[in-house]
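Reproduced below: entry.txt, with compact mmCIF, C-alpha atoms and all ligand atoms.
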```
# COMPACT_ATOMS: atom_id res chain seq x y z
CA MET X 11 -10.26 58.05 58.54
CA ILE X 12 -11.32 55.53 55.94
CA VAL X 13 -10.04 52.07 56.70
CA GLU X 14 -9.26 50.19 53.52
CA LEU X 15 -10.46 46.61 53.16
CA LEU X 16 -6.83 45.55 52.81
CA GLU X 17 -3.90 47.57 54.11
CA PHE X 18 -0.15 47.22 53.72
CA THR X 19 1.36 47.09 57.18
CA SER X 20 4.83 46.28 58.48
CA SER X 21 3.70 42.67 59.01
CA GLY X 22 1.94 42.05 55.72
CA ILE X 23 -1.27 42.66 53.80
CA TYR X 24 -3.83 43.14 56.57
CA CYS X 25 -7.61 42.91 56.65
CA GLU X 26 -8.55 44.72 59.83
CA LYS X 27 -12.23 43.84 59.67
CA ALA X 28 -11.42 40.13 59.72
CA ASP X 29 -8.13 40.46 61.62
CA VAL X 30 -6.22 38.26 59.17
CA TYR X 31 -3.11 38.76 57.03
CA ILE X 32 -2.42 37.64 53.47
CA ASP X 33 1.12 36.25 52.92
CA PRO X 34 2.51 37.98 56.05
CA TRP X 35 6.28 38.38 56.43
CA ARG X 36 6.22 38.82 60.22
CA LYS X 37 4.68 36.44 62.73
CA VAL X 38 0.92 37.01 63.01
CA PRO X 39 -1.91 34.95 64.54
CA LYS X 40 -3.86 34.25 61.34
CA ALA X 41 -2.34 33.95 57.86
CA LEU X 42 -4.02 33.34 54.51
CA ILE X 43 -1.38 32.01 52.11
CA THR X 44 -1.37 32.27 48.32
CA HIS X 45 1.34 29.64 47.65
CA GLY X 46 4.26 27.71 49.08
CA HIS X 47 7.23 29.74 47.79
CA ALA X 48 9.41 30.77 50.70
CA ASP X 49 8.79 34.52 50.42
CA HIS X 50 4.99 34.10 50.53
CA ALA X 51 4.63 31.18 52.97
CA ARG X 52 6.82 31.89 55.99
CA SER X 53 7.17 29.98 59.21
CA GLY X 54 5.94 31.04 62.63
CA MET X 55 2.32 32.02 61.96
CA GLY X 56 -0.30 31.08 64.55
CA SER X 57 -2.50 29.46 61.92
CA TYR X 58 -2.53 29.06 58.16
CA LEU X 59 -5.31 28.92 55.63
CA ALA X 60 -4.49 27.98 52.01
CA SER X 61 -5.96 26.11 49.07
CA GLU X 62 -6.24 22.35 49.68
CA ALA X 63 -3.75 21.67 46.90
CA ALA X 64 -1.13 24.02 48.38
CA LEU X 65 -1.12 22.47 51.85
CA PRO X 66 1.06 19.35 51.37
CA VAL X 67 4.01 21.39 50.05
CA MET X 68 3.55 23.99 52.80
CA ARG X 69 3.64 21.27 55.45
CA HIS X 70 6.71 19.77 53.79
CA ARG X 71 8.54 23.10 53.84
CA LEU X 72 7.30 24.59 57.12
CA GLY X 73 7.10 21.48 59.29
CA THR X 74 4.31 21.10 61.83
CA ILE X 75 1.86 23.95 61.34
CA ASP X 76 -1.73 24.64 62.36
CA ALA X 77 -3.13 24.72 58.84
CA GLN X 78 -6.42 24.32 57.10
CA GLY X 79 -7.09 23.76 53.40
CA ILE X 80 -10.03 25.11 51.46
CA PRO X 81 -11.23 24.06 47.98
CA TYR X 82 -11.00 26.67 45.23
CA GLY X 83 -14.10 28.82 44.97
CA ARG X 84 -15.57 28.01 48.39
CA GLU X 85 -16.47 31.09 50.36
CA ILE X 86 -15.67 31.43 54.04
CA CYS X 87 -16.83 34.28 56.21
CA ILE X 88 -14.62 35.80 58.91
CA ASN X 89 -16.16 38.64 60.98
CA GLY X 90 -18.51 39.44 58.10
CA VAL X 91 -15.77 39.50 55.45
CA LYS X 92 -16.03 36.88 52.68
CA PHE X 93 -12.84 35.19 51.51
CA SER X 94 -12.33 32.71 48.67
CA PHE X 95 -9.31 31.20 46.93
CA HIS X 96 -9.02 31.06 43.12
CA PRO X 97 -6.37 29.44 40.87
CA ALA X 98 -3.41 31.72 40.10
CA GLY X 99 -1.78 29.38 37.54
CA HIS X 100 1.64 30.01 39.15
CA LEU X 101 2.28 26.52 40.54
CA ILE X 102 0.15 23.64 41.78
CA GLY X 103 -2.18 24.91 44.52
CA SER X 104 -1.35 28.60 44.04
CA SER X 105 -4.19 31.02 44.73
CA GLN X 106 -5.44 34.50 44.28
CA ILE X 107 -7.38 35.53 47.36
CA ARG X 108 -10.69 37.32 46.86
CA VAL X 109 -11.90 39.50 49.70
CA GLU X 110 -15.42 40.94 49.79
CA HIS X 111 -17.10 43.21 52.30
CA LYS X 112 -20.39 45.06 51.77
CA GLY X 113 -20.11 44.70 48.00
CA GLU X 114 -16.52 45.90 47.76
CA VAL X 115 -14.17 43.33 46.23
CA TRP X 116 -10.39 43.13 46.38
CA VAL X 117 -8.20 40.42 44.88
CA ALA X 118 -4.66 39.76 46.10
CA SER X 119 -3.04 37.82 43.28
CA GLY X 120 0.12 36.56 44.98
CA ASP X 121 2.18 35.43 41.97
CA TYR X 122 0.36 34.44 38.80
CA LYS X 123 0.76 33.17 35.26
CA VAL X 124 -1.84 33.37 32.51
CA GLU X 125 -0.66 30.55 30.20
CA ASN X 126 -2.10 27.12 31.02
CA ASP X 127 0.97 24.90 31.48
CA GLY X 128 -0.92 21.60 31.58
CA ILE X 129 -0.16 20.68 35.18
CA THR X 130 -1.10 23.76 37.21
CA GLU X 131 -4.76 24.67 37.80
CA ALA X 132 -5.53 27.24 35.07
CA PHE X 133 -5.51 30.94 36.05
CA GLU X 134 -8.98 32.32 36.73
CA PRO X 135 -9.62 36.04 36.21
CA VAL X 136 -11.60 37.23 39.25
CA PRO X 137 -13.49 40.51 38.68
CA CYS X 138 -12.86 43.05 41.44
CA HIS X 139 -12.68 46.74 42.28
CA THR X 140 -9.09 46.67 43.48
CA PHE X 141 -6.46 44.24 42.19
CA ILE X 142 -3.13 43.70 43.91
CA THR X 143 -0.67 42.56 41.27
CA GLU X 144 2.92 41.37 41.27
CA CYS X 145 5.16 42.96 38.60
CA THR X 146 8.06 40.49 38.42
CA PHE X 147 8.18 40.81 34.64
CA GLY X 148 6.36 44.13 34.24
CA LEU X 149 8.35 45.46 31.27
CA PRO X 150 7.51 45.14 27.55
CA VAL X 151 10.76 43.22 26.89
CA PHE X 152 9.22 40.25 28.70
CA ASP X 153 7.14 38.63 25.99
CA TRP X 154 6.78 34.88 26.44
CA ARG X 155 6.41 32.49 23.54
CA PRO X 156 3.94 29.58 23.84
CA GLN X 157 5.49 26.87 25.99
CA ALA X 158 5.18 24.22 23.24
CA GLU X 159 7.80 26.15 21.25
CA VAL X 160 10.09 26.37 24.26
CA PHE X 161 9.83 22.63 24.88
CA GLU X 162 10.71 21.96 21.23
CA GLU X 163 13.91 23.93 21.84
CA ILE X 164 14.64 22.04 25.03
CA HIS X 165 14.09 18.69 23.29
CA ALA X 166 16.39 19.67 20.40
CA TRP X 167 19.11 20.70 22.87
CA TRP X 168 18.72 17.43 24.80
CA ARG X 169 18.98 15.33 21.58
CA LYS X 170 22.01 17.26 20.35
CA ASN X 171 23.77 16.67 23.68
CA GLN X 172 22.93 12.97 23.49
CA GLU X 173 24.48 12.75 20.02
CA GLN X 174 27.64 14.30 21.44
CA GLY X 175 27.70 11.88 24.37
CA LYS X 176 26.85 14.62 26.89
CA VAL X 177 24.45 14.74 29.81
CA SER X 178 21.99 17.67 29.74
CA VAL X 179 21.78 19.58 33.03
CA LEU X 180 18.76 21.84 33.34
CA VAL X 181 18.47 24.35 36.19
CA ALA X 182 14.89 25.02 37.33
CA TYR X 183 13.21 26.16 40.57
CA SER X 184 12.65 23.05 42.67
CA LEU X 185 9.05 24.01 43.50
CA GLY X 186 6.90 24.79 40.49
CA LYS X 187 9.18 25.17 37.49
CA ALA X 188 10.82 21.75 37.89
CA GLN X 189 7.47 19.95 37.92
CA ARG X 190 6.15 21.99 35.02
CA VAL X 191 9.25 21.00 33.05
CA ILE X 192 8.97 17.31 34.01
CA HIS X 193 5.30 17.24 33.06
CA ASN X 194 5.95 18.68 29.61
CA LEU X 195 9.20 16.89 28.71
CA ASP X 196 9.14 14.07 26.17
CA GLY X 197 10.35 11.25 28.40
CA SER X 198 10.87 8.96 25.40
CA ILE X 199 14.06 10.90 24.56
CA GLY X 200 15.92 9.59 27.60
CA PRO X 201 15.89 9.21 31.36
CA ILE X 202 14.96 12.19 33.55
CA LEU X 203 17.15 12.43 36.65
CA THR X 204 16.51 14.79 39.57
CA HIS X 205 18.46 16.48 42.33
CA GLY X 206 17.08 15.69 45.81
CA ALA X 207 15.59 19.20 46.24
CA VAL X 208 13.42 18.56 43.16
CA GLU X 209 12.63 14.92 43.89
CA ASN X 210 11.48 15.69 47.46
CA ILE X 211 8.85 18.06 46.04
CA ASN X 212 7.93 15.52 43.34
CA GLU X 213 7.24 12.96 46.06
CA VAL X 214 4.98 15.34 47.97
CA LEU X 215 3.00 16.15 44.82
CA ARG X 216 2.70 12.53 43.67
CA ALA X 217 1.42 11.61 47.14
CA GLN X 218 -1.38 14.15 46.73
CA GLY X 219 -2.36 12.59 43.41
CA ILE X 220 -0.53 14.78 40.88
CA ASP X 221 0.36 12.75 37.81
CA LEU X 222 4.09 13.36 37.15
CA GLN X 223 5.99 11.13 34.76
CA ASP X 224 8.79 8.95 36.17
CA THR X 225 11.94 10.63 37.37
CA ARG X 226 14.90 9.18 39.18
CA ARG X 227 16.67 10.74 42.17
CA VAL X 228 20.42 11.16 41.67
CA THR X 229 22.24 9.22 44.39
CA PRO X 230 25.97 8.57 44.84
CA GLU X 231 25.38 5.05 43.52
CA ILE X 232 24.24 6.19 40.08
CA THR X 233 26.38 4.66 37.32
CA LYS X 234 27.76 6.19 34.13
CA GLU X 235 25.57 3.78 32.18
CA GLU X 236 22.46 5.11 33.95
CA MET X 237 23.40 8.71 33.17
CA LYS X 238 23.79 8.04 29.47
CA GLY X 239 21.62 10.40 27.42
CA ALA X 240 19.94 11.69 30.55
CA LEU X 241 18.51 15.08 31.37
CA VAL X 242 19.20 16.16 34.95
CA ILE X 243 16.98 18.72 36.71
CA GLY X 244 18.26 20.61 39.74
CA PRO X 245 18.07 24.00 41.49
CA SER X 246 20.50 26.86 40.80
CA SER X 247 22.68 25.81 43.75
CA ILE X 248 24.10 22.98 41.61
CA LEU X 249 25.88 25.46 39.30
CA GLY X 250 29.57 25.46 40.07
CA ASN X 251 28.99 22.75 42.67
CA PRO X 252 31.16 19.58 42.76
CA TRP X 253 27.88 17.62 42.61
CA LEU X 254 27.86 18.32 38.86
CA ARG X 255 31.21 16.66 38.16
CA LYS X 256 29.82 13.16 38.14
CA PHE X 257 27.88 13.98 34.95
CA SER X 258 30.93 14.97 32.87
CA PRO X 259 30.83 15.60 30.01
CA PHE X 260 27.69 17.74 30.31
CA GLU X 261 26.04 20.94 29.13
CA THR X 262 24.11 23.34 31.36
CA ALA X 263 20.98 25.38 30.73
CA MET X 264 18.49 27.32 32.84
CA VAL X 265 14.73 27.66 32.38
CA SER X 266 13.66 31.06 33.66
CA GLY X 267 11.96 34.24 32.58
CA TRP X 268 15.26 35.96 33.35
CA MET X 269 16.84 34.16 30.42
CA ALA X 270 15.11 36.78 28.27
CA MET X 271 17.93 39.09 29.37
CA ARG X 272 21.07 37.86 27.67
CA GLY X 273 23.51 38.99 30.32
CA ASN X 274 22.00 36.61 32.85
CA ARG X 275 22.97 33.51 30.89
CA ARG X 276 26.52 34.76 30.34
CA ARG X 277 26.96 35.78 33.97
CA ARG X 278 26.03 32.32 35.14
CA ALA X 279 28.33 30.73 32.53
CA LEU X 280 25.41 28.68 31.24
CA ASP X 281 25.61 27.00 27.85
CA ARG X 282 21.95 27.74 27.10
CA GLY X 283 19.01 29.67 28.46
CA PHE X 284 15.35 28.82 27.86
CA VAL X 285 12.80 31.57 28.42
CA LEU X 286 10.00 30.02 30.43
CA SER X 287 8.40 31.68 33.44
CA ASP X 288 5.73 30.92 36.00
CA HIS X 289 4.89 34.63 36.17
CA ALA X 290 2.79 36.70 33.79
CA ASP X 291 4.71 38.54 31.09
CA TRP X 292 3.95 42.12 30.05
CA LYS X 293 0.96 41.21 27.88
CA GLY X 294 -0.28 38.73 30.50
CA LEU X 295 -0.34 41.45 33.15
CA ASN X 296 -2.13 43.87 30.85
CA GLN X 297 -4.68 41.34 29.56
CA THR X 298 -5.48 40.33 33.09
CA ILE X 299 -6.00 43.83 34.38
CA GLU X 300 -8.15 44.73 31.38
CA SER X 301 -10.31 41.64 31.86
CA LEU X 302 -11.04 42.32 35.53
CA GLY X 303 -12.78 45.65 35.09
CA CYS X 304 -11.00 46.94 38.20
CA GLU X 305 -10.83 50.65 39.03
CA ARG X 306 -7.66 50.49 40.99
CA VAL X 307 -4.47 48.46 40.82
CA ILE X 308 -1.89 48.14 43.56
CA THR X 309 1.49 47.02 42.28
CA THR X 310 3.92 45.11 44.48
CA HIS X 311 7.19 43.24 43.89
CA GLY X 312 9.10 43.51 40.63
CA TYR X 313 8.95 46.52 38.30
CA SER X 314 6.20 48.00 40.44
CA GLU X 315 7.06 51.72 40.01
CA ILE X 316 7.36 51.51 36.24
CA TYR X 317 4.27 49.39 35.89
CA ALA X 318 2.13 51.63 38.13
CA ARG X 319 3.18 54.65 36.07
CA TYR X 320 2.23 52.83 32.87
CA LEU X 321 -1.21 51.98 34.29
CA ARG X 322 -1.79 55.60 35.34
CA GLU X 323 -0.94 56.73 31.82
CA ARG X 324 -3.64 54.33 30.66
CA GLY X 325 -6.15 56.07 32.91
CA LEU X 326 -6.30 53.61 35.81
CA GLN X 327 -5.77 54.42 39.45
CA ALA X 328 -2.51 52.73 40.33
CA GLN X 329 -0.25 52.89 43.34
CA VAL X 330 2.83 51.08 44.54
CA GLU X 331 2.96 49.34 47.90
CA SER X 332 6.14 47.84 49.19
CA THR X 333 6.13 44.25 50.42
CA GLU X 334 8.84 41.86 51.44
CA TYR X 335 8.16 39.40 48.64
CA GLU X 336 11.36 38.77 46.79
CA GLY X 337 9.96 38.18 43.35
CA ASP X 338 11.37 35.42 41.22
CA GLN X 339 15.06 35.60 42.02
CA ILE X 340 17.43 34.05 39.57
CA ASN X 341 19.02 32.24 42.51
CA GLU X 342 16.81 29.97 44.46
CA ASN X 343 17.44 29.96 48.17
CA GLU X 344 17.13 26.29 48.94
CA GLY X 345 17.72 26.88 52.62
CA SER X 346 14.37 28.52 53.20
ZN ZN J 401 5.98 32.42 43.78
ZN ZN J 402 5.99 36.57 44.65
```

What is this file in structure tokens?
Amino acid sequence: MIVELLEFTSSGIYCEKADVYIDPWRKVPKALITHGHADHARSGMGSYLASEAALPVMRHRLGTIDAQGIPYGREICINGVKFSFHPAGHLIGSSQIRVEHKGEVWVASGDYKVENDGITEAFEPVPCHTFITECTFGLPVFDWRPQAEVFEEIHAWWRKNQEQGKVSVLVAYSLGKAQRVIHNLDGSIGPILTHGAVENINEVLRAQGIDLQDTRRVTPEITKEEMKGALVIGPSSILGNPWLRKFSPFETAMVSGWMAMRGNRRRRALDRGFVLSDHADWKGLNQTIESLGCERVITTHGYSEIYARYLRERGLQAQVESTEYEGDQINENEGS
């Protein structure tokens, strides 16, 4: 029996030769973690290894853990297998993990985005024989516009709300999307207020030296005067929550790749939807795979069946493996 360099087991992506798991979903002794989102970085592992930049958020979310950080690009050897972490462009500190043994190279991409958003370490294509890719937005309908255009739209919406005496409430993932939005917003338009779930992450990132423009945590003491012309950023749990009432009158919008599907905005009773994702779109996935020169692609969460079929039609070896990663859900589970 040929043992693959990486295998999909009931506990996670396993490297038997090194006896380590990548983003495991069951408790294992040694975990290599691509990024701090709850479905990839779970609690209860014996030890954790991640990029240096990913560690502060992981410690914040997972509590006391036995964890070690490694700079991007540095190679470590475990039982003769070489591992290195490379920027995935998904959120600050996110990694693709390169695994090499006797000249055979695999890359587990975790979640990734090709566009440089200005705050996240830029995605690095890592040549390999086998590439494990997410497929969150693996359909041709997902075709992102450059983020500068999206921010122009957001700024126009914010100004229009100000003219009408309304507060702008923007729903964004508290880890990753919220900071990308804050970094790229024109803060001269008005104050940027944050829900605690967002501000807690901001504090962790600022403490590690990330330059985020000023934001202000929403507290019960905040006055109507202080909310005037503001843009408020919070997770999806604020929708329909009494917490929102204090901002009346307000308008709501969500920044998400899912806003490319019209029904999602209507279903959430949002006033606006802005299409901005921290995952690769259809062309991003294809460009990446073409640039790697890989022979084989393993597709995981998202439109993995459809995308694998498409790759096979293009002459690549492609197979689907099931994982317990949740993909980018429209609802953020703040509890985990
Ligand atoms: Zn993620
Ligand atoms: Zn994922």

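Pairwise distance (atom CA of Cys304 of chain X, atom CA of Pro137 of chain X) equals 6.9 Å.
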
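Among the candidates X:Ser246, X:Ser20, X:Ser57, X:Ser119, the one nearest to ligand ZN 402 (chain J) when counting all atoms listed in the file is X:Ser119.
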
_To check your reading of the model: which residues sit at most 12 Å from ligand ZN 401 (chain J) when counting only C-alpha atoms and all ligand atoms? Write the answer as an MDAnalysis selection string._
chainID X and resid 33 43:51 64 98:106 119:123 144:146 183:187 287:290 311:312 335:339 342

*asked:* Need the shell around Trp168 of chain X: protein/DNA/RNA residues with any atom at most 10 Å away, counting only C-alpha atoms. Skip same-chain ones fewer than 4 positions apart. Format as an NGL selection string?
replied: :X and (162-164 or 172-173 or 176-180 or 199-200 or 239-241 or 261)

Please dump the current selection as a PDB file, in the frame of the given file; keep C-alpha atoms.
```pdb
ATOM      1  CA  GLU X 162      10.710  21.960  21.230  1.00  0.00           C
ATOM      2  CA  GLU X 163      13.910  23.930  21.840  1.00  0.00           C
ATOM      3  CA  ILE X 164      14.640  22.040  25.030  1.00  0.00           C
ATOM      4  CA  GLN X 172      22.930  12.970  23.490  1.00  0.00           C
ATOM      5  CA  GLU X 173      24.480  12.750  20.020  1.00  0.00           C
ATOM      6  CA  LYS X 176      26.850  14.620  26.890  1.00  0.00           C
ATOM      7  CA  VAL X 177      24.450  14.740  29.810  1.00  0.00           C
ATOM      8  CA  SER X 178      21.990  17.670  29.740  1.00  0.00           C
ATOM      9  CA  VAL X 179      21.780  19.580  33.030  1.00  0.00           C
ATOM     10  CA  LEU X 180      18.760  21.840  33.340  1.00  0.00           C
ATOM     11  CA  ILE X 199      14.060  10.900  24.560  1.00  0.00           C
ATOM     12  CA  GLY X 200      15.920   9.590  27.600  1.00  0.00           C
ATOM     13  CA  GLY X 239      21.620  10.400  27.420  1.00  0.00           C
ATOM     14  CA  ALA X 240      19.940  11.690  30.550  1.00  0.00           C
ATOM     15  CA  LEU X 241      18.510  15.080  31.370  1.00  0.00           C
ATOM     16  CA  GLU X 261      26.040  20.940  29.130  1.00  0.00           C
TER      17      GLU X 261
END
```

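Compared by their closest atoms to Gly148 of chain X, and using all atoms listed in the file, the residues X:Leu326, X:Met264, X:Ala318, X:Ala41 rank with X:Ala318 nearest.
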